[in-house]
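Inspection log for the structure reproduced underneath, given as structure tokens.
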Amino acid sequence: MAGYEDFIDLKYKPDSHDVIASFRVKVPRWSSAKRAWGAVAAESSVGTWSPLKAMNYKNVKAVAAKVFEAKGEWIKIAYPEEHFEEGNMSQILASIAGNVFGMKAVDALRLEDIEFTKKIVKSFPGPKFGRKGIRKIFGIYDRPLMLSVAKPKVGLTTKQHVEVGRQIWEGGLDLLKDDENLSNQSFNPFEKRVKESLKVRDKIEKKTGEKKSYLINITGPTVKEMEKRAKFIKAQGGEYAMIDIITTGWASVASIREICGDLGLALHAHRAMHGAMSRVPTHGFSMECIASCARLLGVDQLHIGTANIGKLVGSAAEVIELEDEITSDLNKENKQLHCLEQDWFGIKPVFPVSSGGLHPLLVDKVMDKLGTDIMLQIGGGIHGHPSGSYAGARAMREAVEAYMAGVDLAVAAKKCKELKVALDYWGRKGTR
Ligand code: CAP
Ligand code: MG
């Protein structure tokens, strides 16, 4: 193989043993499209900048990637599955999504989607509980599960945090959630928070007769420490661990999935920092890729956005595609978004979590777009309610129940003072 352009074969027809990647390539003015495309395939598989004699070895060629389709800025690359170590997400991404983003051979590069082969899919555990298993924990099958993250996100004392939990559980929500950056700070230490919160949870369960739970953030300095925290949750009677999947890293997620699986803890995946990779449409690593990697690694719940209704970016089309990616058995190709087909070969569906800048008067819009087999998370839109967290929770519960009963929110607000106050206070416009 002489140079980058030898990593192109537009006549090649991939088979079921090829992992496929969909890239958007910005070709430098000084270069050529073919050189840029070939560079992406070379650097993400076996090649480098200089031609090497060893590139002609049969065994090297057997695991080399090739560009097989090019349409405008978009290319598709086939990777023989033998190139990858089964079950090793870190190695898979070090190839497909590694050096290539920093190469001078492209001006910008966006990895939009990856289609994994059956052998690669089956080498990962997938969720232990998945959406079905989570619904079974709560015995709730006919409405979205509702959660609220304590706000301010960091700074509350344990006592103040637990009081927030009491109010939102009593107000009718199913789950309390730690925020992405709440872990084991001096003013709200992990073990004390877990113990005190679960004690109150038990009381409110008895009082309401409803199952309540708590997404406890175990994101920690090492996997060893996260394991210790997960074991503590189990010992205290918790059902969940939460982990920041991007800031902890793929191998941590894999380890925590194994640990939580053994403990019987469900795993909630927060995606904080994903925007650093996924936001710019011409460069980076898409949320579609993050979602499929997270599903393979086996998170039970994953944030996917609000379909452009809340405060964070993510168009309706992208979020609906994400929802399909993590819940379908066979995710169809989405040509508009350059997302590939993915057969999940039995990997369980993940519970989609819609969150970010929502309040009770927006949940109907989210459910119109994403349906009701989702989780709805509201922080500021509950704790910012003029009458406080309990009232915010009541308003959210009423808003969801009204939607499920086909009752307009304005009509429901006539019978629920907390919803009325929320309607007067926030109105119906989206947030940002
Ligand atoms: C939402 C949130 C979540 C975001 C994460 C926050 O709070 O707690 O972390 O939803 O974004 O810190 O912003 P609010 P995404 O309800 O007060 O907005 O769900 O898109 O991953
Ligand atoms: Mg948060």
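So you can find residues: chains in the structure tokens are A, B, ... in the order shown, residues in each start at 1, and ligands are numbered from 1 in order.
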Polymer residues at most 7 Å from Arg257 of chain A, only C-alpha atoms, same-chain spacing of 4 or more positions, as a PyMOL selection string: chain A and resi 253+261+298-299
Contact check, segment 233-344 of chain A to segment 90-99 of chain A, at most 10 Å, counting only C-alpha atoms, closest pairs as a Markdown table:
| residue | atom | partner | partner_atom | distance |
| --- | --- | --- | --- | --- |
| A:Gly249 | CA | A:Ser90 | CA | 8.5 |
| A:Trp250 | CA | A:Ser90 | CA | 6.0 |
| A:Ala251 | CA | A:Ser90 | CA | 6.3 |
| A:Ser252 | CA | A:Ser90 | CA | 9.9 |
| A:Ala254 | CA | A:Ser90 | CA | 9.7 |
| A:Gly284 | CA | A:Ala97 | CA | 8.7 |
| A:Phe285 | CA | A:Ala97 | CA | 7.4 |
| A:Cys289 | CA | A:Ala97 | CA | 10.0 |
| A:Cys293 | CA | A:Leu93 | CA | 9.4 |
What residues have any atom no more than 10 Å from ligand 2 when counting only C-alpha atoms and all ligand atoms, and can you list them as number ranges by chain? A: 148-154, 177-182, 270-272, 355-357, 377-380
Expected answer as a PyMOL selection string: alpha helix (DSSP H) residues in segment 121-172 of chain A: chain A and resi 121-122+130-138+158-170
May I have the residues from that selection written out with N, CA and C atoms, as an mmCIF file, in the first residue's frame?
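So the final result, stored in part_24.cif, reads:
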data_model
loop_
_atom_site.group_PDB
_atom_site.id
_atom_site.type_symbol
_atom_site.label_atom_id
_atom_site.label_comp_id
_atom_site.auth_asym_id
_atom_site.auth_seq_id
_atom_site.Cartn_x
_atom_site.Cartn_y
_atom_site.Cartn_z
ATOM 1 N N VAL A 121 -21.377 -6.777 18.954
ATOM 2 C CA VAL A 121 -22.516 -6.494 19.847
ATOM 3 C C VAL A 121 -22.588 -7.549 20.941
ATOM 4 N N LYS A 122 -22.480 -8.800 20.542
ATOM 5 C CA LYS A 122 -22.623 -9.910 21.505
ATOM 6 C C LYS A 122 -21.449 -9.969 22.484
ATOM 7 N N GLY A 130 -32.527 -2.715 32.079
ATOM 8 C CA GLY A 130 -33.161 -2.129 30.906
ATOM 9 C C GLY A 130 -34.498 -1.503 31.284
ATOM 10 N N ARG A 131 -35.165 -0.950 30.265
ATOM 11 C CA ARG A 131 -36.409 -0.215 30.557
ATOM 12 C C ARG A 131 -37.453 -1.125 31.223
ATOM 13 N N LYS A 132 -37.576 -2.332 30.760
ATOM 14 C CA LYS A 132 -38.581 -3.252 31.329
ATOM 15 C C LYS A 132 -38.279 -3.554 32.793
ATOM 16 N N GLY A 133 -37.032 -3.837 33.065
ATOM 17 C CA GLY A 133 -36.644 -4.170 34.433
ATOM 18 C C GLY A 133 -36.820 -3.005 35.386
ATOM 19 N N ILE A 134 -36.592 -1.798 34.893
ATOM 20 C CA ILE A 134 -36.762 -0.614 35.750
ATOM 21 C C ILE A 134 -38.241 -0.428 36.077
ATOM 22 N N ARG A 135 -39.079 -0.579 35.058
ATOM 23 C CA ARG A 135 -40.531 -0.428 35.300
ATOM 24 C C ARG A 135 -40.989 -1.475 36.325
ATOM 25 N N LYS A 136 -40.372 -2.648 36.274
ATOM 26 C CA LYS A 136 -40.768 -3.707 37.221
ATOM 27 C C LYS A 136 -40.407 -3.300 38.662
ATOM 28 N N ILE A 137 -39.287 -2.612 38.830
ATOM 29 C CA ILE A 137 -38.889 -2.160 40.191
ATOM 30 C C ILE A 137 -39.996 -1.278 40.779
ATOM 31 N N PHE A 138 -40.602 -0.448 39.906
ATOM 32 C CA PHE A 138 -41.603 0.516 40.409
ATOM 33 C C PHE A 138 -43.030 -0.009 40.296
ATOM 34 N N THR A 158 -26.167 18.053 53.758
ATOM 35 C CA THR A 158 -26.907 16.787 53.679
ATOM 36 C C THR A 158 -28.343 16.985 54.155
ATOM 37 N N LYS A 159 -28.488 17.718 55.230
ATOM 38 C CA LYS A 159 -29.842 17.943 55.797
ATOM 39 C C LYS A 159 -30.750 18.636 54.760
ATOM 40 N N GLN A 160 -30.198 19.658 54.115
ATOM 41 C CA GLN A 160 -30.986 20.397 53.112
ATOM 42 C C GLN A 160 -31.300 19.495 51.915
ATOM 43 N N HIS A 161 -30.314 18.667 51.535
ATOM 44 C CA HIS A 161 -30.495 17.753 50.386
ATOM 45 C C HIS A 161 -31.613 16.754 50.684
ATOM 46 N N VAL A 162 -31.548 16.193 51.890
ATOM 47 C CA VAL A 162 -32.549 15.182 52.273
ATOM 48 C C VAL A 162 -33.942 15.802 52.330
ATOM 49 N N GLU A 163 -34.019 17.033 52.752
ATOM 50 C CA GLU A 163 -35.325 17.727 52.824
ATOM 51 C C GLU A 163 -35.905 17.888 51.413
ATOM 52 N N VAL A 164 -35.020 18.151 50.443
ATOM 53 C CA VAL A 164 -35.488 18.246 49.040
ATOM 54 C C VAL A 164 -36.074 16.896 48.625
ATOM 55 N N GLY A 165 -35.331 15.828 48.992
ATOM 56 C CA GLY A 165 -35.824 14.488 48.663
ATOM 57 C C GLY A 165 -37.194 14.244 49.261
ATOM 58 N N ARG A 166 -37.340 14.600 50.554
ATOM 59 C CA ARG A 166 -38.632 14.378 51.224
ATOM 60 C C ARG A 166 -39.757 15.082 50.446
ATOM 61 N N GLN A 167 -39.491 16.317 50.077
ATOM 62 C CA GLN A 167 -40.559 17.093 49.430
ATOM 63 C C GLN A 167 -40.929 16.532 48.046
ATOM 64 N N ILE A 168 -39.934 16.152 47.268
ATOM 65 C CA ILE A 168 -40.294 15.693 45.896
ATOM 66 C C ILE A 168 -40.904 14.299 45.947
ATOM 67 N N TRP A 169 -40.463 13.457 46.892
ATOM 68 C CA TRP A 169 -41.090 12.144 46.988
ATOM 69 C C TRP A 169 -42.526 12.291 47.478
ATOM 70 N N GLU A 170 -42.685 13.126 48.505
ATOM 71 C CA GLU A 170 -44.039 13.334 49.049
ATOM 72 C C GLU A 170 -44.942 14.033 48.011
#
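Counting only C-alpha atoms and all ligand atoms, the residue from A:Ile290, A:Met55, A:Ile8, A:Ala405 that sits nearest to ligand 1 is A:Ile290.
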Hey, what's within 12 Å of Lys61 of chain A if we count only C-alpha atoms and toss same-chain stuff fewer than 5 positions away? As a CSV table (one decimal) with N, CA and C atoms, in the first residue's frame, please?
chain,number,residue,atom,x,y,z
A,1,MET,N,0.9,-1.2,0.0
A,1,MET,CA,0.0,0.0,0.0
A,1,MET,C,0.9,1.2,0.0
A,6,ASP,N,-4.6,4.4,-0.9
A,6,ASP,CA,-4.8,2.9,-1.1
A,6,ASP,C,-5.9,2.4,-0.1
A,7,PHE,N,-6.3,3.3,0.8
A,7,PHE,CA,-7.4,2.9,1.8
A,7,PHE,C,-8.8,3.2,1.3
A,42,ALA,N,-7.0,5.1,7.0
A,42,ALA,CA,-5.7,4.6,7.4
A,42,ALA,C,-5.4,4.9,8.9
A,45,SER,N,-7.3,2.8,11.4
A,45,SER,CA,-7.2,1.4,11.4
A,45,SER,C,-5.7,0.9,11.5
A,46,VAL,N,-4.9,0.9,10.5
A,46,VAL,CA,-3.6,0.3,10.5
A,46,VAL,C,-2.5,1.3,10.1
A,47,GLY,N,-2.9,2.4,9.4
A,47,GLY,CA,-1.9,3.1,8.6
A,47,GLY,C,-1.2,4.3,9.4
A,53,LYS,N,6.5,-0.9,3.9
A,53,LYS,CA,6.5,-2.2,3.2
A,53,LYS,C,5.5,-3.2,3.9
A,54,ALA,N,5.5,-3.1,5.2
A,54,ALA,CA,4.6,-4.0,6.0
A,54,ALA,C,3.2,-3.9,5.7
A,55,MET,N,2.8,-2.7,5.1
A,55,MET,CA,1.4,-2.5,4.7
A,55,MET,C,1.0,-3.6,3.7
A,56,ASN,N,1.9,-4.2,3.0
A,56,ASN,CA,1.6,-5.2,2.0
A,56,ASN,C,1.4,-6.6,2.6
A,66,LYS,N,-11.3,0.4,5.0
A,66,LYS,CA,-11.4,1.0,3.6
A,66,LYS,C,-12.6,1.8,3.4
A,79,TYR,N,-14.6,-1.5,8.6
A,79,TYR,CA,-13.5,-2.0,9.4
A,79,TYR,C,-13.8,-3.5,9.6
A,80,PRO,N,-12.8,-4.4,9.1
A,80,PRO,CA,-13.0,-5.9,9.4
A,80,PRO,C,-13.1,-6.0,11.0
A,82,GLU,N,-12.3,-8.2,12.9
A,82,GLU,CA,-11.1,-8.8,13.5
A,82,GLU,C,-10.1,-7.7,13.9
A,83,HIS,N,-10.3,-6.5,13.4
A,83,HIS,CA,-9.4,-5.4,13.8
A,83,HIS,C,-9.6,-5.1,15.3
Compile the contact shell of Leu370 of chain A as number ranges by chain: residues with an atom at most 12 Å away, counting only C-alpha atoms, same-chain residues fewer than 4 positions apart removed. A: 144, 304-309, 316-324, 327, 351-355, 363-366, 374-376
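Between atom CA of Leu215 of chain A and atom CA of Leu145 of chain A the separation is 12.7 Å.
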Non-local contacts of Glu341 of chain A (6 Å; only C-alpha atoms; under 6 positions in same chain excluded) as a list of chain:residue names: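 Answer for this query is A:Asn331, A:Lys332, A:Glu333.
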Which residues come within 6 Å of Glu115 of chain A, counting only C-alpha atoms, excluding same-chain residues fewer than 5 positions away, as a PyMOL selection string? chain A and resi 19-20+342
Would you kindly return, as a PyMOL selection string, each protein, DNA or RNA residue with an atom no farther than 9 Å from any atom of Glu227 of chain A, considering only C-alpha atoms and excluding same-chain residues fewer than 3 positions away? chain A and resi 218+222-224+230-232+255-256+259-260
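Taking only C-alpha atoms into account, Asp18 of chain A lies nearest to A:Lys118 out of the set A:His283, A:Lys118, A:Arg143, A:Arg35.
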Grab the atom CA of Lys76 of chain A to atom CA of Met273 of chain A distance for me, in Å with one decimal place.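 Going from atom CA of Lys76 of chain A over to atom CA of Met273 of chain A covers 26.6 Å.
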Compare A:Gly381, A:Pro386, A:Gly139, A:Gly237 by their minimum atom-to-atom distance to ligand 1, counting only C-alpha atoms and all ligand atoms, and give me the closest one. A:Gly381
Smallest atom-to-atom distance to Lys13 of chain A: which of A:Ala78, A:Ile204, A:Met242, A:Leu312, using only C-alpha atoms? A:Ala78
My list of candidates is A:Glu418, A:Phe345, A:Leu147, A:Ile326. Which is closest to ligand 1 when distances are computed with only C-alpha atoms and all ligand atoms?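 Selected residue with least distance to ligand 1: A:Leu147.
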